[in-house]
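Here's the structure, in structure tokens; my notes come after.
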Amino acid sequence: MRVREVRTDRLGAVSGEVWVDLTRHPYVEGETAWVPVREGFAFDREIPERHAYAGRGYFMLGDVAVVRGDRPAEKEVAGIVRFRHPRGVLWIESLDGVTRTPVTEILWGSAGEVCHREEGYTYYLDPGRVMFAQGNRDEKMRMARLVRESPAGARVADMFAGIGYFAIPMAGSGAKVHAMEINPVACAYLERNIAANGLAGRVQVSCGDCRVHLSGTYDRVVMGHFDAVTMLPAVFSHVHGRSVIHVHSIGDVSGTIQDLAEGAGFSPSINVHKVKKYRPHEWHIVQDVTLS
Ligand SMILES: C[S@+](CC[C@H](N)C(=O)[O-])C[C@H]1O[C@@H](n2cnc3c(N)ncnc32)[C@H](O)[C@@H]1O
């Protein structure tokens, strides 16, 4: 297939151009798209004809294809390899314990550290050692947008920062972020990712239990952990009467949040926001809790 290389953010702009072969789909990888070219027009290169992948969902972290859940069949793995040409296919069977450490197996090729690009930010991580919340892309961008819409220089706590998927877009949008993370491996990647995105000075990192490291007063608190509500009481002495707390959970826990906030002397207004389907009939929820 003859293609021209364009940046993905220009896909819309080129779609009406005469050289584009509208009978085929562009091939997108990260921020690069290879757009099929009609017969007779100039092209940048030829790539192998692509066959639609019909197996179950997977996602790319850098150049490694990641499959979650049940072990994929050999033909699914072969399909991913044929379709995406990854460096390796990594199966994440589960995420274990407090640190959500992946239990993995490399099913094809090699894995290890990757450099992943998302929404203009760079993340280094080893998906075999630390988790990456791939399914929360809209939520990460929503947090960045809320920061941009709030007063400049807002002080934000990211209590379960991982490798920085909330902290980095929020700092990139103007917040001063205090990022806390208990897993030393994730903490090392967090530090590296802050530097890689030119955000040193905007993000303060504390490695250890967030309940111990919370300090001072925050305008916004992100609690990106499914058991967040159990740790909510620790937050109330670090917020003010207009702070917003984003409490993640599986299922709606707004009743518990209401009781805890009122017990701490606040009158909360709670907005329930769906992030993604987690299991059949179960949603990953974020409760946006505005205090007064
Ligand atoms: C952001 S991920 C969770 C993502 C997803 N919402 C979930 O619960 O599976 C959780 C991160 O919080 C970290 N973590 C867990 N308990 C913590 C604690 N008490 N203090 C700081 N970080 C913690 C883990 O090491 C992990 O990197």
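Numbering starts fresh at 1 for the residues of each chain in the structure tokens, the chains themselves are lettered A, B, ... in the order given, and ligands are numbered from 1 as they appear.
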TODO: Within stretch 33-173 of chain A, find each residue whose DSSP state, derived from the backbone, is strand (DSSP E), and express the selection as a VMD selection string.
DONE: chain A and resid 33 to 36 45 to 46 59 to 61 64 to 68 88 to 96 101 to 109 114 to 118 121 to 125 155 to 158
Task: Expected answer as an MDAnalysis selection string: residues within 10 Å of ligand 1, only C-alpha atoms and all ligand atoms - done: chainID A and resid 95:101 130:136 158:166 179:187 190 206:214 222:228 231 247:250 284:286
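Note that the spacing between atom CA of A:Ile257 and atom CA of A:Val272 amounts to 11.3 Å.
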Open item on the list: Quick one: residues within 8 Å of A:Val66, only C-alpha atoms, excluding same-chain residues fewer than 3 positions away - as a PyMOL selection string?
Closed with: chain A and resi 58-61+89-92
Open item on the list: Neighbouring residues of stretch 11-13 of chain A were defined as those with any atom within 8 Å, considering only C-alpha atoms; residues of the same chain fewer than 4 positions away were excluded. Please report them as a PyMOL selection string.
Closed with: chain A and resi 6-7+33
Let me see the file: selected residues, N, CA and C atoms, as a compact mmCIF listing (two decimals), in the first residue's frame.
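Here's the written file out-v3.txt:
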# COMPACT_ATOMS: atom_id res chain seq x y z
N VAL A 6 1.79 11.61 7.67
CA VAL A 6 1.35 12.91 8.20
C VAL A 6 1.21 12.79 9.72
N ARG A 7 1.25 13.92 10.42
CA ARG A 7 1.00 13.87 11.86
C ARG A 7 -0.49 13.61 12.08
N ALA A 33 0.56 9.12 11.21
CA ALA A 33 -0.44 8.38 10.42
C ALA A 33 0.12 8.18 9.02
Wanna dump the stretch 118-160 of chain A-stretch 26-32 of chain A contacts at 9 Å for me, each residue with its shortest atom pair and the distance in Å to one decimal, counting only C-alpha atoms, ordered by chain and number, as JSON lines?
{"residue": "A:Glu118", "atom": "CA", "partner": "A:Gly30", "partner_atom": "CA", "distance": 7.5}
{"residue": "A:Glu119", "atom": "CA", "partner": "A:Glu31", "partner_atom": "CA", "distance": 8.8}
{"residue": "A:Gly120", "atom": "CA", "partner": "A:Glu31", "partner_atom": "CA", "distance": 8.4}
Could the residues in this selection be written to a file with N, CA and C atoms, as a PDB file, in the first residue's frame?
ATOM      1  N   GLU A 118       1.370  10.059  24.737  1.00  0.00           N
ATOM      2  CA  GLU A 118      -0.088  10.198  24.857  1.00  0.00           C
ATOM      3  C   GLU A 118      -0.419  11.668  25.019  1.00  0.00           C
ATOM      4  N   GLU A 119      -1.294  12.178  24.166  1.00  0.00           N
ATOM      5  CA  GLU A 119      -1.764  13.567  24.243  1.00  0.00           C
ATOM      6  C   GLU A 119      -0.594  14.555  24.351  1.00  0.00           C
ATOM      7  N   GLY A 120       0.479  14.282  23.635  1.00  0.00           N
ATOM      8  CA  GLY A 120       1.606  15.215  23.608  1.00  0.00           C
ATOM      9  C   GLY A 120       2.599  15.047  24.748  1.00  0.00           C
TER      10      GLY A 120
END
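Ranking A:Val205, A:Gly172, A:Leu199, A:Ser150 by their shortest atom-to-atom distance to A:Val244, with only C-alpha atoms included, puts A:Ser150 first.
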Open item on the list: Considering only C-alpha atoms, can you say which of A:Asn193, A:Thr122, A:Thr104, A:Ser243 comes closest to A:Pro151?
Closed with: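 Using only C-alpha atoms, A:Pro151 sits closest to A:Ser243.
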Pick out the residues sitting within 12 Å of A:Gly263, and hand them over as a PDB file with C-alpha atoms, in the first residue's frame; count only C-alpha atoms, and ignore anything fewer than 5 positions along from it in its own chain.
ATOM      1  CA  LEU A 232     -10.727  10.100  52.254  1.00  0.00           C
ATOM      2  CA  PRO A 233     -10.702  10.999  55.998  1.00  0.00           C
ATOM      3  CA  PHE A 236     -10.102  16.639  55.103  1.00  0.00           C
ATOM      4  CA  THR A 256     -20.400   7.243  51.888  1.00  0.00           C
ATOM      5  CA  ILE A 257     -18.548  10.353  50.672  1.00  0.00           C
ATOM      6  CA  GLN A 258     -21.463  12.565  51.721  1.00  0.00           C
ATOM      7  CA  PRO A 268     -20.296  18.649  49.805  1.00  0.00           C
TER       8      PRO A 268
END
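Considering the residues A:Arg279, A:Thr8, A:Val289, A:Gly241 and counting only C-alpha atoms, A:Phe266 has its shortest atom-to-atom contact with A:Gly241.
Across the model, the gap from atom CA of A:Asp70 to atom CA of A:Ala111 is 19.0 Å.
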Task: stretch 17-121 of chain A: residues DSSP assigns to helix (DSSP H, G or I), reported as a ChimeraX atom specification - done: /A:74-84
Export of prior selection with C-alpha atoms as an mmCIF file, in the first residue's frame:
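That gives us again_10.cif:
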data_model
loop_
_atom_site.group_PDB
_atom_site.id
_atom_site.type_symbol
_atom_site.label_atom_id
_atom_site.label_comp_id
_atom_site.auth_asym_id
_atom_site.auth_seq_id
_atom_site.Cartn_x
_atom_site.Cartn_y
_atom_site.Cartn_z
ATOM 1 C CA GLU A 74 -1.940 -18.167 19.795
ATOM 2 C CA LYS A 75 -3.834 -17.054 16.714
ATOM 3 C CA GLU A 76 -4.850 -13.802 18.438
ATOM 4 C CA VAL A 77 -1.213 -13.105 19.276
ATOM 5 C CA ALA A 78 -0.208 -13.931 15.689
ATOM 6 C CA GLY A 79 -2.945 -11.555 14.448
ATOM 7 C CA ILE A 80 -1.622 -8.691 16.594
ATOM 8 C CA VAL A 81 1.922 -9.330 15.383
ATOM 9 C CA ARG A 82 0.817 -9.379 11.744
ATOM 10 C CA PHE A 83 -1.301 -6.258 12.154
ATOM 11 C CA ARG A 84 0.889 -4.012 14.331
#
Open item on the list: Taking 5 positions as the minimum chain separation for residues in the same chain, which residues sit within 9 Å of A:Glu5 when counting only C-alpha atoms? Answer as a ChimeraX atom specification.
Closed with: /A:32-35,43-45
Convert the current residue selection to file output with C-alpha atoms, as a PDB file, in the first residue's frame.
ATOM      1  CA  THR A  32       2.113   9.394  13.031  1.00  0.00           C
ATOM      2  CA  ALA A  33      -0.443   8.380  10.421  1.00  0.00           C
ATOM      3  CA  TRP A  34       0.280   6.698   7.105  1.00  0.00           C
ATOM      4  CA  VAL A  35      -2.418   7.813   4.718  1.00  0.00           C
ATOM      5  CA  PHE A  43       3.855   8.815  -2.047  1.00  0.00           C
ATOM      6  CA  ASP A  44       6.476   8.634   0.724  1.00  0.00           C
ATOM      7  CA  ARG A  45       6.806   4.865   1.014  1.00  0.00           C
TER       8      ARG A  45
END
- [ ] Point out the residue among A:Val103, A:Leu291, A:Val67, A:Cys115 with the least atom-to-atom distance to A:Arg192, counting only C-alpha atoms.
- [x] A:Cys115
TODO: Take atom CA of A:Ala167 and atom CA of A:Glu149 and report the distance between them in Å, one decimal.
DONE: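 Computed distance, atom CA of A:Ala167 to atom CA of A:Glu149, equals 16.2 Å.
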Open item on the list: I'd like to know which of A:Asp288, A:Glu191, A:Glu46, A:Glu113 is closest to A:Ile245, using only C-alpha atoms.
Closed with: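 Among A:Asp288, A:Glu191, A:Glu46, A:Glu113, it is A:Asp288 that comes nearest to A:Ile245.
The closest residue to A:Val156, picked from A:Ala175, A:Val229, A:Val275, A:Val37 and counting only C-alpha atoms, is A:Ala175.
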- [ ] Name the residues in contact with stretch 15-19 of chain A at a cut-off of 9 Å, using only C-alpha atoms, excluding same-chain residues fewer than 4 positions from it; report them as a VMD selection string.
- [x] chain A and resid 10 to 11 35 to 42
Dump of C-alpha atoms for the selected residues, as a PDB file, in the first residue's frame:
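Saved as selection_6.pdb:
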ATOM      1  CA  ARG A  10      -3.394  16.787  10.565  1.00  0.00           C
ATOM      2  CA  LEU A  11      -5.513  13.776   9.536  1.00  0.00           C
ATOM      3  CA  VAL A  35      -2.418   7.813   4.718  1.00  0.00           C
ATOM      4  CA  PRO A  36      -3.173   5.625   1.651  1.00  0.00           C
ATOM      5  CA  VAL A  37      -2.412   7.399  -1.628  1.00  0.00           C
ATOM      6  CA  ARG A  38      -4.430   7.076  -4.854  1.00  0.00           C
ATOM      7  CA  GLU A  39      -2.853   5.660  -8.020  1.00  0.00           C
ATOM      8  CA  GLY A  40      -0.819   8.270  -9.885  1.00  0.00           C
ATOM      9  CA  PHE A  41      -0.041  10.556  -6.922  1.00  0.00           C
ATOM     10  CA  ALA A  42       3.316  10.946  -5.157  1.00  0.00           C
TER      11      ALA A  42
END
